[in-house]
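Visitor: Pasting a structure below so you can have a look.
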Amino acid sequence: MSDTNLRTFPCDEREALAMLYVQNQDLTGLTPEEIYDKYCDTYEKIKNHAREQYKAKKLARRSTSI
């Protein structure tokens, strides 16, 4: 069996949204490292927001079923 990684980008909606957001920013004058940092920061914000939304929906379902 080969150790080939066939992962594609983006692998989920969070990666796609983060890339789309960064692509639509003015990146003039930014270094590749700064663009990478911007992508990572954006991805983390989206991931954290999605997590909070999931928790809120789960809590709302729990409170309406009682």
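Chain lettering (A, B, ...) mirrors the order of the structure tokens, residue numbering begins at 1 for each chain separately, and ligand numbering begins at 1 in order of display.
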Neighbouring residues of Ile46 (chain A) were defined as those with any atom within 8 Å, considering only C-alpha atoms; residues of the same chain fewer than 6 positions away were excluded. Please report them as an mmCIF file with N, CA and C atoms, in the first residue's frame.

Guide:
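What follows is the written file out_18.cif:
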```
data_model
loop_
_atom_site.group_PDB
_atom_site.id
_atom_site.type_symbol
_atom_site.label_atom_id
_atom_site.label_comp_id
_atom_site.auth_asym_id
_atom_site.auth_seq_id
_atom_site.Cartn_x
_atom_site.Cartn_y
_atom_site.Cartn_z
ATOM 1 N N ARG A 14 -15.514 25.000 5.584
ATOM 2 C CA ARG A 14 -14.729 25.988 6.339
ATOM 3 C C ARG A 14 -13.472 26.386 5.584
ATOM 4 N N LEU A 17 -14.584 28.547 2.571
ATOM 5 C CA LEU A 17 -14.974 29.898 2.958
ATOM 6 C C LEU A 17 -13.778 30.748 3.364
ATOM 7 N N ALA A 18 -12.829 30.151 4.073
ATOM 8 C CA ALA A 18 -11.634 30.892 4.472
ATOM 9 C C ALA A 18 -10.842 31.327 3.246
#
```

Visitor: Using only C-alpha atoms, which protein or nucleic acid residues come within 10 Å of region 21-26 of chain A? Drop anything in the same chain fewer than 2 positions from it, and give the result as JSON, numbers by chain.

Guide: {"A": [15, 16, 17, 18, 19, 28, 29, 30, 35, 36, 38, 39, 40, 42, 43]}

Visitor: Enter the distance from CA of Arg7 (chain A) to CA of Lys55 (chain A), in Å, rounded to one decimal.

Guide: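 Taking CA of Arg7 (chain A) as the start and CA of Lys55 (chain A) as the end point, the length is 28.2 Å.
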
Visitor: Based on the backbone DSSP call, show me all residues of chain A assigned helix (DSSP H, G or I), as a PDB file with N, CA, C and O atoms, in the first residue's frame.

Guide:
```pdb
ATOM      1  N   GLU A  13     -16.351  22.934   3.916  1.00  0.00           N
ATOM      2  CA  GLU A  13     -16.860  24.285   3.679  1.00  0.00           C
ATOM      3  C   GLU A  13     -16.069  25.349   4.441  1.00  0.00           C
ATOM      4  O   GLU A  13     -15.934  26.478   3.980  1.00  0.00           O
ATOM      5  N   ARG A  14     -15.514  25.000   5.584  1.00  0.00           N
ATOM      6  CA  ARG A  14     -14.729  25.988   6.339  1.00  0.00           C
ATOM      7  C   ARG A  14     -13.472  26.386   5.584  1.00  0.00           C
ATOM      8  O   ARG A  14     -13.136  27.572   5.512  1.00  0.00           O
ATOM      9  N   GLU A  15     -12.759  25.406   5.017  1.00  0.00           N
ATOM     10  CA  GLU A  15     -11.572  25.729   4.216  1.00  0.00           C
ATOM     11  C   GLU A  15     -11.952  26.547   2.993  1.00  0.00           C
ATOM     12  O   GLU A  15     -11.254  27.495   2.640  1.00  0.00           O
ATOM     13  N   ALA A  16     -13.041  26.180   2.351  1.00  0.00           N
ATOM     14  CA  ALA A  16     -13.481  26.900   1.155  1.00  0.00           C
ATOM     15  C   ALA A  16     -13.847  28.348   1.488  1.00  0.00           C
ATOM     16  O   ALA A  16     -13.445  29.278   0.768  1.00  0.00           O
ATOM     17  N   LEU A  17     -14.584  28.547   2.571  1.00  0.00           N
ATOM     18  CA  LEU A  17     -14.974  29.898   2.958  1.00  0.00           C
ATOM     19  C   LEU A  17     -13.778  30.748   3.364  1.00  0.00           C
ATOM     20  O   LEU A  17     -13.707  31.937   3.025  1.00  0.00           O
ATOM     21  N   ALA A  18     -12.829  30.151   4.073  1.00  0.00           N
ATOM     22  CA  ALA A  18     -11.634  30.892   4.472  1.00  0.00           C
ATOM     23  C   ALA A  18     -10.842  31.327   3.246  1.00  0.00           C
ATOM     24  O   ALA A  18     -10.399  32.477   3.158  1.00  0.00           O
ATOM     25  N   MET A  19     -10.664  30.431   2.287  1.00  0.00           N
ATOM     26  CA  MET A  19      -9.931  30.782   1.065  1.00  0.00           C
ATOM     27  C   MET A  19     -10.680  31.849   0.277  1.00  0.00           C
ATOM     28  O   MET A  19     -10.076  32.808  -0.217  1.00  0.00           O
ATOM     29  N   LEU A  20     -11.983  31.697   0.148  1.00  0.00           N
ATOM     30  CA  LEU A  20     -12.782  32.680  -0.577  1.00  0.00           C
ATOM     31  C   LEU A  20     -12.669  34.051   0.074  1.00  0.00           C
ATOM     32  O   LEU A  20     -12.497  35.068  -0.612  1.00  0.00           O
ATOM     33  N   TYR A  21     -12.715  34.094   1.381  1.00  0.00           N
ATOM     34  CA  TYR A  21     -12.598  35.355   2.099  1.00  0.00           C
ATOM     35  C   TYR A  21     -11.240  36.000   1.833  1.00  0.00           C
ATOM     36  O   TYR A  21     -11.159  37.186   1.500  1.00  0.00           O
ATOM     37  N   VAL A  22     -10.168  35.227   1.983  1.00  0.00           N
ATOM     38  CA  VAL A  22      -8.827  35.773   1.798  1.00  0.00           C
ATOM     39  C   VAL A  22      -8.622  36.220   0.349  1.00  0.00           C
ATOM     40  O   VAL A  22      -8.039  37.271   0.089  1.00  0.00           O
ATOM     41  N   GLN A  23      -9.130  35.442  -0.602  1.00  0.00           N
ATOM     42  CA  GLN A  23      -8.986  35.806  -2.013  1.00  0.00           C
ATOM     43  C   GLN A  23      -9.640  37.148  -2.325  1.00  0.00           C
ATOM     44  O   GLN A  23      -9.214  37.843  -3.236  1.00  0.00           O
ATOM     45  N   PRO A  32       4.012  36.310   1.621  1.00  0.00           N
ATOM     46  CA  PRO A  32       3.339  35.000   1.663  1.00  0.00           C
ATOM     47  C   PRO A  32       3.040  34.552   3.089  1.00  0.00           C
ATOM     48  O   PRO A  32       1.988  33.960   3.354  1.00  0.00           O
ATOM     49  N   GLU A  33       3.939  34.865   3.999  1.00  0.00           N
ATOM     50  CA  GLU A  33       3.723  34.488   5.400  1.00  0.00           C
ATOM     51  C   GLU A  33       2.520  35.213   5.993  1.00  0.00           C
ATOM     52  O   GLU A  33       1.733  34.631   6.740  1.00  0.00           O
ATOM     53  N   GLU A  34       2.370  36.480   5.655  1.00  0.00           N
ATOM     54  CA  GLU A  34       1.232  37.260   6.153  1.00  0.00           C
ATOM     55  C   GLU A  34      -0.083  36.765   5.545  1.00  0.00           C
ATOM     56  O   GLU A  34      -1.112  36.721   6.239  1.00  0.00           O
ATOM     57  N   ILE A  35      -0.043  36.378   4.288  1.00  0.00           N
ATOM     58  CA  ILE A  35      -1.247  35.831   3.640  1.00  0.00           C
ATOM     59  C   ILE A  35      -1.617  34.504   4.296  1.00  0.00           C
ATOM     60  O   ILE A  35      -2.790  34.240   4.579  1.00  0.00           O
ATOM     61  N   TYR A  36      -0.613  33.685   4.569  1.00  0.00           N
ATOM     62  CA  TYR A  36      -0.851  32.415   5.266  1.00  0.00           C
ATOM     63  C   TYR A  36      -1.464  32.661   6.640  1.00  0.00           C
ATOM     64  O   TYR A  36      -2.433  32.002   7.029  1.00  0.00           O
ATOM     65  N   ASP A  37      -0.907  33.606   7.370  1.00  0.00           N
ATOM     66  CA  ASP A  37      -1.446  33.942   8.690  1.00  0.00           C
ATOM     67  C   ASP A  37      -2.885  34.433   8.590  1.00  0.00           C
ATOM     68  O   ASP A  37      -3.731  34.076   9.420  1.00  0.00           O
ATOM     69  N   LYS A  38      -3.173  35.232   7.574  1.00  0.00           N
ATOM     70  CA  LYS A  38      -4.534  35.737   7.366  1.00  0.00           C
ATOM     71  C   LYS A  38      -5.494  34.575   7.106  1.00  0.00           C
ATOM     72  O   LYS A  38      -6.598  34.525   7.643  1.00  0.00           O
ATOM     73  N   TYR A  39      -5.053  33.610   6.269  1.00  0.00           N
ATOM     74  CA  TYR A  39      -5.881  32.438   5.995  1.00  0.00           C
ATOM     75  C   TYR A  39      -6.126  31.645   7.285  1.00  0.00           C
ATOM     76  O   TYR A  39      -7.257  31.273   7.580  1.00  0.00           O
ATOM     77  N   CYS A  40      -5.058  31.377   8.035  1.00  0.00           N
ATOM     78  CA  CYS A  40      -5.196  30.590   9.270  1.00  0.00           C
ATOM     79  C   CYS A  40      -6.103  31.288  10.281  1.00  0.00           C
ATOM     80  O   CYS A  40      -6.950  30.641  10.905  1.00  0.00           O
ATOM     81  N   ASP A  41      -5.938  32.593  10.440  1.00  0.00           N
ATOM     82  CA  ASP A  41      -6.794  33.352  11.359  1.00  0.00           C
ATOM     83  C   ASP A  41      -8.251  33.275  10.923  1.00  0.00           C
ATOM     84  O   ASP A  41      -9.153  33.064  11.737  1.00  0.00           O
ATOM     85  N   THR A  42      -8.478  33.430   9.623  1.00  0.00           N
ATOM     86  CA  THR A  42      -9.838  33.382   9.086  1.00  0.00           C
ATOM     87  C   THR A  42     -10.440  32.001   9.289  1.00  0.00           C
ATOM     88  O   THR A  42     -11.594  31.871   9.720  1.00  0.00           O
ATOM     89  N   TYR A  43      -9.657  30.969   8.991  1.00  0.00           N
ATOM     90  CA  TYR A  43     -10.136  29.599   9.175  1.00  0.00           C
ATOM     91  C   TYR A  43     -10.525  29.347  10.635  1.00  0.00           C
ATOM     92  O   TYR A  43     -11.585  28.774  10.914  1.00  0.00           O
ATOM     93  N   GLU A  44      -9.684  29.777  11.554  1.00  0.00           N
ATOM     94  CA  GLU A  44      -9.970  29.581  12.977  1.00  0.00           C
ATOM     95  C   GLU A  44     -11.247  30.314  13.400  1.00  0.00           C
ATOM     96  O   GLU A  44     -12.046  29.785  14.171  1.00  0.00           O
ATOM     97  N   LYS A  45     -11.438  31.528  12.904  1.00  0.00           N
ATOM     98  CA  LYS A  45     -12.656  32.285  13.237  1.00  0.00           C
ATOM     99  C   LYS A  45     -13.889  31.561  12.722  1.00  0.00           C
ATOM    100  O   LYS A  45     -14.905  31.453  13.429  1.00  0.00           O
ATOM    101  N   ILE A  46     -13.826  31.055  11.496  1.00  0.00           N
ATOM    102  CA  ILE A  46     -14.957  30.331  10.912  1.00  0.00           C
ATOM    103  C   ILE A  46     -15.212  29.047  11.693  1.00  0.00           C
ATOM    104  O   ILE A  46     -16.360  28.721  12.022  1.00  0.00           O
ATOM    105  N   LYS A  47     -14.152  28.326  12.020  1.00  0.00           N
ATOM    106  CA  LYS A  47     -14.283  27.078  12.776  1.00  0.00           C
ATOM    107  C   LYS A  47     -14.903  27.332  14.148  1.00  0.00           C
ATOM    108  O   LYS A  47     -15.820  26.616  14.569  1.00  0.00           O
ATOM    109  N   ASN A  48     -14.421  28.354  14.839  1.00  0.00           N
ATOM    110  CA  ASN A  48     -14.960  28.678  16.162  1.00  0.00           C
ATOM    111  C   ASN A  48     -16.412  29.133  16.076  1.00  0.00           C
ATOM    112  O   ASN A  48     -17.232  28.764  16.927  1.00  0.00           O
ATOM    113  N   HIS A  49     -16.735  29.907  15.058  1.00  0.00           N
ATOM    114  CA  HIS A  49     -18.116  30.356  14.876  1.00  0.00           C
ATOM    115  C   HIS A  49     -19.034  29.156  14.620  1.00  0.00           C
ATOM    116  O   HIS A  49     -20.123  29.065  15.212  1.00  0.00           O
ATOM    117  N   ALA A  50     -18.595  28.246  13.774  1.00  0.00           N
ATOM    118  CA  ALA A  50     -19.398  27.055  13.480  1.00  0.00           C
ATOM    119  C   ALA A  50     -19.603  26.221  14.735  1.00  0.00           C
ATOM    120  O   ALA A  50     -20.700  25.711  14.982  1.00  0.00           O
ATOM    121  N   ARG A  51     -18.558  26.104  15.546  1.00  0.00           N
ATOM    122  CA  ARG A  51     -18.659  25.343  16.797  1.00  0.00           C
ATOM    123  C   ARG A  51     -19.674  25.988  17.739  1.00  0.00           C
ATOM    124  O   ARG A  51     -20.500  25.307  18.339  1.00  0.00           O
ATOM    125  N   GLU A  52     -19.617  27.309  17.856  1.00  0.00           N
ATOM    126  CA  GLU A  52     -20.551  28.019  18.729  1.00  0.00           C
ATOM    127  C   GLU A  52     -21.986  27.891  18.212  1.00  0.00           C
ATOM    128  O   GLU A  52     -22.921  27.732  19.003  1.00  0.00           O
ATOM    129  N   GLN A  53     -22.164  27.966  16.903  1.00  0.00           N
ATOM    130  CA  GLN A  53     -23.495  27.800  16.323  1.00  0.00           C
ATOM    131  C   GLN A  53     -24.042  26.407  16.613  1.00  0.00           C
ATOM    132  O   GLN A  53     -25.210  26.238  16.947  1.00  0.00           O
ATOM    133  N   TYR A  54     -23.180  25.403  16.490  1.00  0.00           N
ATOM    134  CA  TYR A  54     -23.586  24.029  16.767  1.00  0.00           C
ATOM    135  C   TYR A  54     -24.013  23.877  18.226  1.00  0.00           C
ATOM    136  O   TYR A  54     -25.048  23.280  18.525  1.00  0.00           O
ATOM    137  N   LYS A  55     -23.213  24.429  19.126  1.00  0.00           N
ATOM    138  CA  LYS A  55     -23.541  24.352  20.555  1.00  0.00           C
ATOM    139  C   LYS A  55     -24.856  25.063  20.855  1.00  0.00           C
ATOM    140  O   LYS A  55     -25.678  24.557  21.634  1.00  0.00           O
ATOM    141  N   ALA A  56     -25.069  26.228  20.256  1.00  0.00           N
ATOM    142  CA  ALA A  56     -26.300  26.982  20.496  1.00  0.00           C
ATOM    143  C   ALA A  56     -27.517  26.212  19.995  1.00  0.00           C
ATOM    144  O   ALA A  56     -28.556  26.160  20.659  1.00  0.00           O
ATOM    145  N   LYS A  57     -27.398  25.607  18.814  1.00  0.00           N
ATOM    146  CA  LYS A  57     -28.516  24.829  18.268  1.00  0.00           C
ATOM    147  C   LYS A  57     -28.797  23.601  19.126  1.00  0.00           C
ATOM    148  O   LYS A  57     -29.951  23.257  19.369  1.00  0.00           O
ATOM    149  N   LYS A  58     -27.728  22.957  19.584  1.00  0.00           N
ATOM    150  CA  LYS A  58     -27.890  21.777  20.434  1.00  0.00           C
ATOM    151  C   LYS A  58     -28.573  22.154  21.743  1.00  0.00           C
ATOM    152  O   LYS A  58     -29.480  21.464  22.208  1.00  0.00           O
ATOM    153  N   LEU A  59     -28.170  23.278  22.329  1.00  0.00           N
ATOM    154  CA  LEU A  59     -28.774  23.753  23.568  1.00  0.00           C
ATOM    155  C   LEU A  59     -30.244  24.134  23.346  1.00  0.00           C
ATOM    156  O   LEU A  59     -31.098  23.811  24.170  1.00  0.00           O
ATOM    157  N   ALA A  60     -30.517  24.775  22.220  1.00  0.00           N
ATOM    158  CA  ALA A  60     -31.908  25.160  21.912  1.00  0.00           C
ATOM    159  C   ALA A  60     -32.785  23.931  21.739  1.00  0.00           C
ATOM    160  O   ALA A  60     -33.934  23.907  22.207  1.00  0.00           O
ATOM    161  N   ARG A  61     -32.271  22.906  21.077  1.00  0.00           N
ATOM    162  CA  ARG A  61     -33.048  21.659  20.897  1.00  0.00           C
ATOM    163  C   ARG A  61     -33.304  21.006  22.244  1.00  0.00           C
ATOM    164  O   ARG A  61     -34.390  20.504  22.497  1.00  0.00           O
ATOM    165  N   ARG A  62     -32.300  21.026  23.096  1.00  0.00           N
ATOM    166  CA  ARG A  62     -32.423  20.420  24.413  1.00  0.00           C
ATOM    167  C   ARG A  62     -33.485  21.146  25.246  1.00  0.00           C
ATOM    168  O   ARG A  62     -34.281  20.525  25.927  1.00  0.00           O
ATOM    169  N   SER A  63     -33.481  22.472  25.197  1.00  0.00           N
ATOM    170  CA  SER A  63     -34.414  23.238  26.023  1.00  0.00           C
ATOM    171  C   SER A  63     -35.854  23.159  25.494  1.00  0.00           C
ATOM    172  O   SER A  63     -36.786  23.311  26.259  1.00  0.00           O
ATOM    173  N   THR A  64     -36.027  22.945  24.182  1.00  0.00           N
ATOM    174  CA  THR A  64     -37.396  22.848  23.647  1.00  0.00           C
ATOM    175  C   THR A  64     -37.979  21.454  23.826  1.00  0.00           C
ATOM    176  O   THR A  64     -39.169  21.279  23.764  1.00  0.00           O
TER     177      THR A  64
END
```
